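Undergrad: start20.cif (mmCIF, C-alpha atoms and all ligand atoms) pasted underneath:
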```cif
data_query
#
loop_
_atom_site.label_atom_id
_atom_site.label_comp_id
_atom_site.auth_asym_id
_atom_site.auth_seq_id
_atom_site.Cartn_x
_atom_site.Cartn_y
_atom_site.Cartn_z
CA MET A 202 -1.89 -10.76 -12.85
CA GLN A 203 -3.85 -10.40 -9.60
CA ASP A 204 -7.31 -8.88 -9.83
CA LEU A 205 -8.01 -5.66 -7.97
CA THR A 206 -9.85 -7.37 -5.09
CA THR A 207 -6.95 -9.73 -4.35
CA ARG A 208 -4.44 -6.92 -4.70
CA LEU A 209 -6.39 -4.70 -2.31
CA ALA A 210 -6.75 -7.47 0.26
CA ILE A 211 -2.96 -7.95 0.32
CA ARG A 212 -2.29 -4.20 0.40
CA GLN A 213 -4.76 -3.68 3.24
CA ALA A 214 -2.79 -6.00 5.50
CA GLU A 215 0.49 -4.29 4.57
CA ALA A 216 -1.02 -0.85 5.04
CA ALA A 217 -2.48 -1.71 8.45
CA ALA A 218 1.05 -2.30 9.76
CA HIS A 219 1.66 1.46 9.44
CA LEU A 220 -1.04 2.16 12.04
CA ALA A 221 1.34 0.75 14.65
CA ASP A 222 4.69 1.55 13.02
CA CYS A 223 4.25 4.35 10.50
CA HIS A 224 6.57 4.91 7.55
CA LEU A 225 4.08 6.43 5.15
CA CYS A 226 5.95 9.74 4.89
CA PRO A 227 9.60 10.78 5.31
CA PHE A 228 9.10 11.66 8.97
CA HIS A 229 9.16 7.90 9.73
CA CYS A 230 7.42 8.32 13.09
CA GLY A 231 7.28 4.57 13.60
CA PRO A 232 5.51 3.50 16.81
CA GLN A 233 4.48 7.08 17.63
CA ARG A 234 1.64 6.58 15.15
CA ALA A 235 -0.08 4.19 17.57
CA THR A 236 -0.31 6.92 20.21
CA ALA A 237 -1.05 9.79 17.79
CA THR A 238 2.19 11.50 18.78
CA GLY A 239 3.91 11.47 15.37
CA VAL A 240 4.52 14.62 13.38
CA CYS A 241 1.03 14.65 11.82
CA ARG A 242 -0.56 13.49 15.10
CA VAL A 243 -2.93 11.23 13.19
CA GLY A 244 -3.60 8.11 15.26
CA PRO A 245 -4.86 4.71 14.20
CA VAL A 246 -8.36 6.09 13.50
CA SER A 247 -9.06 8.29 10.48
CA TYR A 248 -11.34 11.31 10.92
CA ILE A 249 -13.21 12.92 8.07
CA ALA A 250 -13.72 16.68 8.27
CA SER A 251 -16.27 16.78 5.44
CA GLU A 252 -17.32 15.11 2.22
CA MET A 253 -19.27 16.62 -0.62
CA LEU A 254 -19.84 16.85 -4.33
CA HIS A 255 -17.20 19.42 -5.13
CA LEU A 256 -17.14 21.71 -8.16
CA GLY A 257 -13.76 23.27 -7.42
CA GLU A 258 -11.62 20.49 -8.87
CA GLU A 259 -10.27 20.32 -12.41
CA GLU A 260 -12.86 19.99 -15.17
CA VAL A 261 -11.96 16.33 -15.89
CA LEU A 262 -12.77 15.42 -12.28
CA ARG A 263 -15.85 17.43 -11.46
CA PRO A 264 -18.22 17.08 -9.90
CA ALA A 265 -15.84 15.22 -7.65
CA HIS A 266 -16.84 13.33 -4.55
CA ALA A 267 -14.29 15.04 -2.33
CA ILE A 268 -13.40 13.42 0.99
CA PHE A 269 -11.45 15.75 3.26
CA PHE A 270 -9.45 13.83 5.85
CA SER A 271 -8.29 15.60 9.00
CA GLY A 272 -4.57 15.88 9.73
CA CYS A 273 -1.63 16.72 7.49
CA THR A 274 2.03 15.82 7.13
CA ALA A 275 2.89 19.41 6.15
CA THR A 276 2.53 22.57 8.22
CA CYS A 277 2.23 25.28 5.53
CA THR A 278 2.09 28.66 7.22
CA PHE A 279 -0.62 29.88 4.82
CA CYS A 280 -2.88 26.84 5.17
CA THR A 281 -6.52 27.76 4.58
CA ALA A 282 -7.71 24.41 5.91
CA ALA A 283 -5.97 24.68 9.30
CA ARG A 284 -9.32 24.09 11.04
CA PHE A 285 -9.04 20.40 10.23
CA ALA A 286 -5.57 20.01 8.69
CA PHE A 287 -3.91 20.67 12.04
CA ARG A 288 -6.62 18.99 14.14
CA PRO A 289 -6.42 15.30 13.29
CA THR A 290 -9.50 14.38 15.34
CA TYR A 291 -11.70 17.05 13.77
CA GLY A 292 -14.91 15.69 12.26
CA VAL A 293 -16.22 12.16 12.39
CA ALA A 294 -14.72 8.69 12.45
CA VAL A 295 -16.60 6.24 10.26
CA THR A 296 -16.04 2.67 9.19
CA ALA A 297 -14.84 1.79 5.71
CA ALA A 298 -18.27 0.25 5.06
CA GLN A 299 -19.99 3.51 6.05
CA LEU A 300 -17.74 5.59 3.83
CA ALA A 301 -18.22 3.15 0.96
CA ALA A 302 -21.99 3.54 1.29
CA ARG A 303 -21.60 7.32 1.05
CA VAL A 304 -19.34 6.96 -1.99
CA LEU A 305 -22.01 4.90 -3.74
CA ARG A 306 -24.62 7.53 -2.90
CA ARG A 307 -22.45 10.32 -4.31
CA GLN A 308 -21.79 8.22 -7.39
CA ALA A 309 -25.55 7.89 -7.90
CA GLU A 310 -25.83 11.67 -7.48
CA GLY A 311 -23.46 12.20 -10.41
CA ALA A 312 -19.90 12.22 -8.99
CA ARG A 313 -17.38 11.70 -11.81
CA SER A 314 -14.43 10.99 -9.54
CA LEU A 315 -13.67 9.92 -5.98
CA CYS A 316 -11.06 12.32 -4.58
CA PHE A 317 -9.16 11.60 -1.39
CA ILE A 318 -7.93 14.95 -0.02
CA GLY A 319 -6.99 16.50 3.31
CA GLY A 320 -5.24 17.96 5.16
CA ASP A 321 -3.36 15.26 3.38
CA PRO A 322 -4.56 11.74 2.60
CA THR A 323 -1.15 10.11 3.21
CA PRO A 324 -1.66 9.12 6.88
CA HIS A 325 -5.03 7.71 5.83
CA ILE A 326 -3.76 5.31 3.16
CA PRO A 327 -4.74 2.25 5.27
CA PHE A 328 -8.31 3.53 5.58
CA ILE A 329 -8.45 4.53 1.89
CA LEU A 330 -7.42 1.02 0.82
CA SER A 331 -10.01 -0.52 3.15
CA THR A 332 -12.67 1.73 1.64
CA LEU A 333 -11.66 0.83 -1.93
CA ALA A 334 -11.67 -2.88 -1.01
CA GLU A 335 -15.13 -2.46 0.50
CA LEU A 336 -16.36 -0.80 -2.69
CA GLY A 337 -14.85 -3.40 -5.01
CA SER A 338 -16.43 -3.37 -8.44
CA ARG A 339 -19.32 -1.20 -7.26
CA ARG A 340 -17.08 1.83 -7.76
CA THR A 341 -17.44 3.08 -11.31
CA VAL A 342 -15.50 6.36 -11.08
CA PRO A 343 -11.71 6.86 -10.88
CA ALA A 344 -10.06 7.00 -7.46
CA VAL A 345 -7.95 10.16 -7.15
CA PHE A 346 -5.15 10.75 -4.63
CA ASN A 347 -4.84 14.51 -4.11
CA SER A 348 -1.78 15.05 -1.97
CA ASN A 349 1.28 17.12 -1.15
CA PHE A 350 3.11 13.99 -2.39
CA TYR A 351 5.51 13.98 0.52
CA LEU A 352 5.48 10.20 0.68
CA THR A 353 7.78 7.23 1.05
CA PRO A 354 8.30 4.58 -1.63
CA ALA A 355 6.49 2.17 0.71
CA ALA A 356 3.40 4.40 0.70
CA LEU A 357 3.47 4.73 -3.08
CA GLY A 358 3.80 0.97 -3.38
CA LEU A 359 0.59 0.56 -1.40
CA LEU A 360 -1.26 2.91 -3.75
CA ASP A 361 0.07 1.38 -6.97
CA GLY A 362 -2.80 -0.16 -8.90
CA ALA A 363 -5.39 1.02 -6.35
CA ILE A 364 -5.36 4.68 -7.41
CA ASP A 365 -6.36 5.70 -10.93
CA ILE A 366 -5.30 9.35 -11.01
CA TYR A 367 -2.59 11.07 -8.99
CA LEU A 368 -3.04 14.76 -8.25
CA PRO A 369 0.24 15.82 -6.61
CA ASP A 370 1.07 19.36 -5.58
CA LEU A 371 4.45 20.61 -6.69
CA LYS A 372 4.26 23.76 -4.66
CA PHE A 373 7.76 24.72 -3.53
CA GLY A 374 11.03 25.10 -5.40
CA PRO A 375 14.35 23.25 -5.09
CA ALA A 376 16.26 25.41 -2.58
CA PRO A 377 17.45 22.93 0.07
CA GLY A 378 17.78 23.18 3.83
CA PRO A 379 15.88 25.10 6.50
CA ALA A 380 15.93 28.31 4.42
CA GLY A 381 14.36 26.66 1.35
CA CYS A 382 10.65 27.28 0.84
CA GLY A 383 9.61 23.62 1.26
CA GLU A 384 11.05 23.38 4.75
CA ARG A 385 10.72 27.01 5.87
CA ILE A 386 7.09 27.48 4.76
CA GLY A 387 5.79 23.92 4.39
CA GLY A 388 7.64 22.19 7.21
CA MET A 389 8.89 19.44 4.89
CA PRO A 390 12.66 18.76 4.97
CA ASP A 391 14.15 17.64 1.61
CA TYR A 392 10.90 18.75 -0.01
CA TRP A 393 12.07 18.97 -3.64
CA ALA A 394 14.02 15.72 -3.70
CA VAL A 395 11.19 13.77 -2.05
CA VAL A 396 8.27 15.18 -4.01
CA THR A 397 9.88 15.13 -7.46
CA ALA A 398 11.05 11.52 -6.88
CA CYS A 399 7.49 10.52 -5.93
CA ILE A 400 6.07 12.22 -9.03
CA GLU A 401 8.69 10.55 -11.23
CA ARG A 402 7.78 7.18 -9.77
CA VAL A 403 4.04 7.42 -10.56
CA ILE A 404 4.83 8.73 -14.04
CA ALA A 405 7.15 5.76 -14.62
CA ALA A 406 4.39 3.41 -13.45
CA GLY A 407 2.21 4.71 -16.28
CA ALA A 408 -0.44 6.33 -14.10
CA ARG A 409 -2.40 9.40 -15.11
CA VAL A 410 -0.78 12.31 -13.33
CA ILE A 411 -2.11 15.86 -13.00
CA VAL A 412 0.40 18.07 -11.20
CA ARG A 413 -0.92 21.15 -9.45
CA HIS A 414 1.20 24.20 -8.87
CA LEU A 415 -0.12 26.90 -6.57
CA LEU A 416 1.20 30.35 -7.37
CA MET A 417 2.27 32.10 -4.16
CA PRO A 418 2.96 35.83 -3.87
CA GLY A 419 6.67 36.62 -4.12
CA HIS A 420 7.59 33.03 -5.07
CA PHE A 421 7.83 33.20 -8.84
CA ASP A 422 11.61 32.88 -9.08
CA CYS A 423 12.15 30.42 -6.21
CA CYS A 424 9.11 28.18 -6.71
CA THR A 425 7.00 28.74 -9.87
CA GLN A 426 9.82 29.05 -12.40
CA PRO A 427 11.76 25.93 -11.33
CA ALA A 428 8.59 23.87 -10.84
CA LEU A 429 7.34 24.62 -14.37
CA GLN A 430 10.81 24.10 -15.80
CA TRP A 431 11.04 20.69 -14.13
CA LEU A 432 7.60 19.70 -15.40
CA SER A 433 8.63 20.45 -18.99
CA ALA A 434 10.79 17.30 -18.88
CA TRP A 435 7.61 15.21 -18.58
CA PRO A 436 5.51 15.94 -21.68
CA GLY A 437 2.78 13.39 -20.85
CA VAL A 438 1.95 15.03 -17.55
CA GLU A 439 -1.01 17.37 -17.27
CA VAL A 440 -0.43 20.58 -15.32
CA SER A 441 -2.97 22.63 -13.41
CA LEU A 442 -1.95 26.15 -12.38
CA LEU A 443 -3.78 27.39 -9.29
CA THR A 444 -3.96 31.16 -9.28
CA GLN A 445 -6.55 31.78 -6.58
CA TYR A 446 -4.19 32.11 -3.57
CA LEU A 447 -5.93 33.94 -0.72
CA PRO A 448 -3.88 34.74 2.38
CA PRO A 449 -5.42 33.73 5.72
CA ALA A 450 -5.67 36.57 8.27
CA HIS A 451 -2.83 35.27 10.49
CA VAL A 452 -0.18 35.31 7.74
CA ARG A 453 2.49 38.04 7.74
CA GLY A 454 5.13 39.13 5.23
CA ASP A 455 5.17 38.31 1.51
CA LEU A 456 2.54 35.62 1.85
CA ALA A 457 0.01 38.10 3.29
CA GLN A 458 -0.69 39.44 -0.21
CA THR A 459 -2.53 38.07 -3.20
CA VAL A 460 -0.54 36.97 -6.25
CA ALA A 461 0.36 39.85 -8.58
CA ALA A 462 -1.52 39.77 -11.88
CA ALA A 463 1.83 40.18 -13.64
CA ASP A 464 3.13 36.98 -12.02
CA ILE A 465 0.02 35.07 -13.09
CA ALA A 466 0.54 36.29 -16.67
CA ARG A 467 4.24 35.33 -16.50
CA ALA A 468 3.36 31.85 -15.27
CA TYR A 469 0.97 31.25 -18.18
CA GLU A 470 3.54 32.63 -20.64
CA LEU A 471 6.23 30.36 -19.25
CA ALA A 472 3.92 27.33 -19.32
CA SER A 473 3.11 28.07 -22.94
CA HIS A 474 6.77 28.60 -23.83
CA LEU A 475 7.64 25.26 -22.17
CA ARG A 476 4.73 23.58 -23.99
CA LEU A 477 3.20 22.24 -20.76
CA ARG A 478 -0.11 20.39 -21.08
CA LEU A 479 -2.19 22.85 -19.10
CA ILE A 480 -5.66 21.84 -17.94
CA ARG A 481 -8.20 23.82 -15.98
S1 LIG B 1 2.06 9.84 8.11
FE1 LIG B 1 2.10 10.93 10.11
S2 LIG B 1 2.62 9.34 11.65
FE2 LIG B 1 3.12 8.49 9.60
S3 LIG B 1 5.30 8.95 9.29
FE3 LIG B 1 4.14 10.65 8.36
S4 LIG B 1 3.92 12.24 9.97
FE4 LIG B 1 4.55 10.33 10.97
ZN ZN B 2 9.46 30.04 -2.89
#
```
Could you write out this structure as structure tokens?
Ligand code: SF4
Ligand SMILES: [Zn+2]
TA:
Amino acid sequence: MQDLTTRLAIRQAEAAAHLADCHLCPFHCGPQRATATGVCRVGPVSYIASEMLHLGEEEVLRPAHAIFFSGCTATCTFCTAARFAFRPTYGVAVTAAQLAARVLRRQAEGARSLCFIGGDPTPHIPFILSTLAELGSRRTVPAVFNSNFYLTPAALGLLDGAIDIYLPDLKFGPAPGPAGCGERIGGMPDYWAVVTACIERVIAAGARVIVRHLLMPGHFDCCTQPALQWLSAWPGVEVSLLTQYLPPAHVRGDLAQTVAAADIARAYELASHLRLRLIR
């Protein structure tokens, strides 16, 4: 069995190949990554929009050292982080050594987890692995990958053994094609098939998995109900229901409202009926 340092050194080299020929998510942009012209428009350099001790994560993680990378593989119409999610060069570019130094400082300040977030952290997997390698055994808190989980098996393979806790979003329901919520609202073709397969894979690998489901107004039947139903097949998985949806000013239609209190109550009732392991 390789130790973590050896494993990370090998993974780093594999991951770096995606900076020139990217297959980290199902868009498979390939060489467009090198010129920052792929779907997410993240180039070879990772930008960090902000980092902080964050109290908004689940109780088991907080205070979390949250690192918000710029750029995202999704294009959710209701994104509240558009300022940096859709501007991949927003913020600062730092070296892995510089970020590692900040991680150690936040650890000393009381961080209980190291959370890689975005935008989405997927395009930044090479930089995340370099940072973890730089930290080595000086990191004493779990590494958390908080993502839309729209990934390829190759990307998940890079993370295997390097990430301690997966925090995937299972946001949209199973309706396929351009009219389905995952593609129509999130801009992710084959959303359900891709994301559920990725979640199944990390569960099968024995990792700790906390699945988040964001309640969206008007999406109980198409998204919340099937997502919770699907999760009931995985009794070991922890589930976090996010009920704080706030529509950004530019959003129109159903998604311009807040979530009805009745739908929040129905979601908790359904989760209880399905015996989901809810955490807050
Ligand atoms: S991570 Fe970005 S560049 Fe890489 S395949 Fe996905 S969208 Fe394309
Ligand atoms: Zn929906």
Undergrad: Between A:Ser331, A:Thr425, A:Thr353, A:Ser338, single out the one closest to ligand ZN 2 (chain B), counting all atoms listed in the file.
TA: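 Selected residue with least distance to ligand ZN 2 (chain B): A:Thr425.
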Undergrad: Smallest atom-to-atom distance to Cys316 in chain A: which of A:Ala380, A:Ala214, A:Ile366, A:Cys423, using all atoms listed in the file?
TA: A:Ile366
Undergrad: Any residue with an atom at most 8 Å from ligand LIG 1 (chain B) counts, using all atoms listed in the file. Which are they? Put them as an MDAnalysis selection string.
TA: chainID A and resid 219:220 222:231 233:234 237:244 273:274 323:325 352
Undergrad: CA of Met389 in chain A and CA of Thr332 in chain A are how many Å apart?
TA: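 About the pair CA of Met389 in chain A and CA of Thr332 in chain A: they are 28.1 Å apart.
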Undergrad: At a cut-off of 6 Å around ligand ZN 2 (chain B), and using all atoms listed in the file, what residues come up? Please write them as a list in words.
TA: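 Answer in the requested format: Phe373, Gly374, Cys382, His420, Cys423 and Cys424 of chain A.
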Undergrad: List the neighbours of Leu300 in chain A out to 10 Å using all atoms listed in the file; skip same-chain residues closer than 6 positions along the sequence, and give me the result as an NGL selection string.
TA: :A and (249 or 252 or 268 or 294 or 306 or 328-329 or 331-333 or 335-336)
Undergrad: Could you work out how far CA of Arg313 in chain A lies from CA of Leu262 in chain A, giving the answer in Å with one decimal?
TA: 5.9 Å
Undergrad: What does the structure give for the distance between CA of Ala286 in chain A and CA of Ile318 in chain A, in Å to one decimal?
TA: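 Calculated distance between CA of Ala286 in chain A and CA of Ile318 in chain A is 10.3 Å.
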Undergrad: Taking all atoms listed in the file into account, which of A:Ile364, A:Val395, A:Ala216, A:Val440 comes nearest Gly407 in chain A?
TA: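 Ranking A:Ile364, A:Val395, A:Ala216, A:Val440 by distance to Gly407 in chain A, first place goes to A:Ile364.
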Undergrad: Out of A:Ala408, A:Leu359, A:Val403, A:Leu371, which residue has the shortest atom-to-atom distance to Pro343 in chain A when counting all atoms listed in the file?
TA: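 Checking each candidate against Pro343 in chain A, we get A:Ala408 as the closest.
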Undergrad: Using all atoms listed in the file, which protein or nucleic acid residues come within 12 Å of Gly257 in chain A? Drop anything in the same chain fewer than 4 positions from it, and give the result as a list of chain:residue names.
TA: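 That gives A:Met253, A:Val261, A:Leu262, A:Arg263, A:Pro264, A:Ala265, A:His266, A:Ala267, A:Cys316, A:Leu443, A:Gln445, A:Arg481.
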Undergrad: Please determine, counting only C-alpha atoms, which residue among A:Ala405, A:Ala398, A:Ile386, A:Leu256 has the shortest atom-to-atom distance to Cys280 in chain A.
TA: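 Distance minimum relative to Cys280 in chain A lands on A:Ile386.
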Undergrad: Could you work out an axis-aligned box for range 419-431 of chain A, taking every atom the file lists and adding 4 Å on each side, and report centre and edge lengths in Å to one decimal, as AutoDock Vina command-line options?
TA:
```
--center_x 9.4 --center_y 28.7 --center_z -10.0 --size_x 13.5 --size_y 23.9 --size_z 19.7
```
Undergrad: Measuring between all atoms listed in the file, which one of A:Ala302, A:Ala334, A:Cys399, A:Ala394 shows the shortest distance to Leu357 in chain A?
TA: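 Counting all atoms listed in the file, the residue closest to Leu357 in chain A is A:Cys399.
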Undergrad: What's the 7 Å shell around Phe279 in chain A, counting all atoms listed in the file, without same-chain residues fewer than 2 positions away, as a PyMOL selection string?
TA: chain A and resi 277+281+448-449+452
Undergrad: Select, counting all atoms listed in the file, all protein, DNA and RNA residues no farther than 8 Å from (16.7, 19.6, 1.6) in file coordinates, and express the selection as a PyMOL selection string.
TA: chain A and resi 375-379+381+384+390-394
Undergrad: Mind writing the picked residues with C-alpha atoms as an mmCIF file, in the coordinates of the input?
TA:
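Here's the written file out.cif:
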```cif
data_model
loop_
_atom_site.group_PDB
_atom_site.id
_atom_site.type_symbol
_atom_site.label_atom_id
_atom_site.label_comp_id
_atom_site.auth_asym_id
_atom_site.auth_seq_id
_atom_site.Cartn_x
_atom_site.Cartn_y
_atom_site.Cartn_z
ATOM 1 C CA PRO A 375 14.350 23.250 -5.090
ATOM 2 C CA ALA A 376 16.260 25.410 -2.580
ATOM 3 C CA PRO A 377 17.450 22.930 0.070
ATOM 4 C CA GLY A 378 17.780 23.180 3.830
ATOM 5 C CA PRO A 379 15.880 25.100 6.500
ATOM 6 C CA GLY A 381 14.360 26.660 1.350
ATOM 7 C CA GLU A 384 11.050 23.380 4.750
ATOM 8 C CA PRO A 390 12.660 18.760 4.970
ATOM 9 C CA ASP A 391 14.150 17.640 1.610
ATOM 10 C CA TYR A 392 10.900 18.750 -0.010
ATOM 11 C CA TRP A 393 12.070 18.970 -3.640
ATOM 12 C CA ALA A 394 14.020 15.720 -3.700
#
```
Undergrad: Considering all atoms listed in the file, return as a PyMOL selection string whatever protein or nucleic-acid residues lie within 12 Å of Leu416 in chain A, sequence-local ones (same chain, fewer than 5 positions apart) excluded.
TA: chain A and resi 370-374+421-426+428-429+441-448+456+458-469
Undergrad: Because the input lacks atoms here, generate N, CA and C atoms for range 295-313 of chain A and report them as a compact mmCIF listing (two decimals), in the frame of the given file.
TA:
```txt
# COMPACT_ATOMS: atom_id res chain seq x y z
N VAL A 295 -15.62 7.18 10.80
CA VAL A 295 -16.60 6.24 10.26
C VAL A 295 -15.88 4.96 9.89
N THR A 296 -16.66 3.92 9.65
CA THR A 296 -16.04 2.67 9.19
C THR A 296 -15.86 2.74 7.67
N ALA A 297 -15.03 1.85 7.16
CA ALA A 297 -14.84 1.79 5.71
C ALA A 297 -16.17 1.46 5.02
N ALA A 298 -16.97 0.62 5.65
CA ALA A 298 -18.27 0.25 5.06
C ALA A 298 -19.18 1.48 5.00
N GLN A 299 -19.15 2.30 6.05
CA GLN A 299 -19.99 3.51 6.05
C GLN A 299 -19.53 4.50 4.98
N LEU A 300 -18.22 4.67 4.86
CA LEU A 300 -17.74 5.59 3.83
C LEU A 300 -18.06 5.05 2.44
N ALA A 301 -17.91 3.74 2.27
CA ALA A 301 -18.22 3.15 0.96
C ALA A 301 -19.68 3.40 0.59
N ALA A 302 -20.57 3.30 1.57
CA ALA A 302 -21.99 3.54 1.29
C ALA A 302 -22.20 4.98 0.83
N ARG A 303 -21.47 5.92 1.45
CA ARG A 303 -21.60 7.32 1.05
C ARG A 303 -21.03 7.54 -0.35
N VAL A 304 -19.94 6.85 -0.65
CA VAL A 304 -19.34 6.96 -1.99
C VAL A 304 -20.36 6.50 -3.05
N LEU A 305 -21.04 5.40 -2.76
CA LEU A 305 -22.01 4.90 -3.74
C LEU A 305 -23.16 5.89 -3.91
N ARG A 306 -23.54 6.54 -2.80
CA ARG A 306 -24.62 7.53 -2.90
C ARG A 306 -24.17 8.71 -3.76
N ARG A 307 -22.96 9.18 -3.53
CA ARG A 307 -22.45 10.32 -4.31
C ARG A 307 -22.27 9.94 -5.79
N GLN A 308 -21.90 8.69 -6.01
CA GLN A 308 -21.79 8.22 -7.39
C GLN A 308 -23.16 8.31 -8.08
N ALA A 309 -24.19 7.86 -7.35
CA ALA A 309 -25.55 7.89 -7.90
C ALA A 309 -26.01 9.33 -8.12
N GLU A 310 -25.46 10.25 -7.33
CA GLU A 310 -25.83 11.67 -7.48
C GLU A 310 -25.05 12.35 -8.61
N GLY A 311 -24.14 11.63 -9.24
CA GLY A 311 -23.46 12.20 -10.41
C GLY A 311 -21.98 12.47 -10.25
N ALA A 312 -21.35 12.01 -9.14
CA ALA A 312 -19.90 12.22 -8.99
C ALA A 312 -19.17 11.56 -10.16
N ARG A 313 -18.18 12.25 -10.70
CA ARG A 313 -17.38 11.70 -11.81
C ARG A 313 -16.01 11.23 -11.35
```
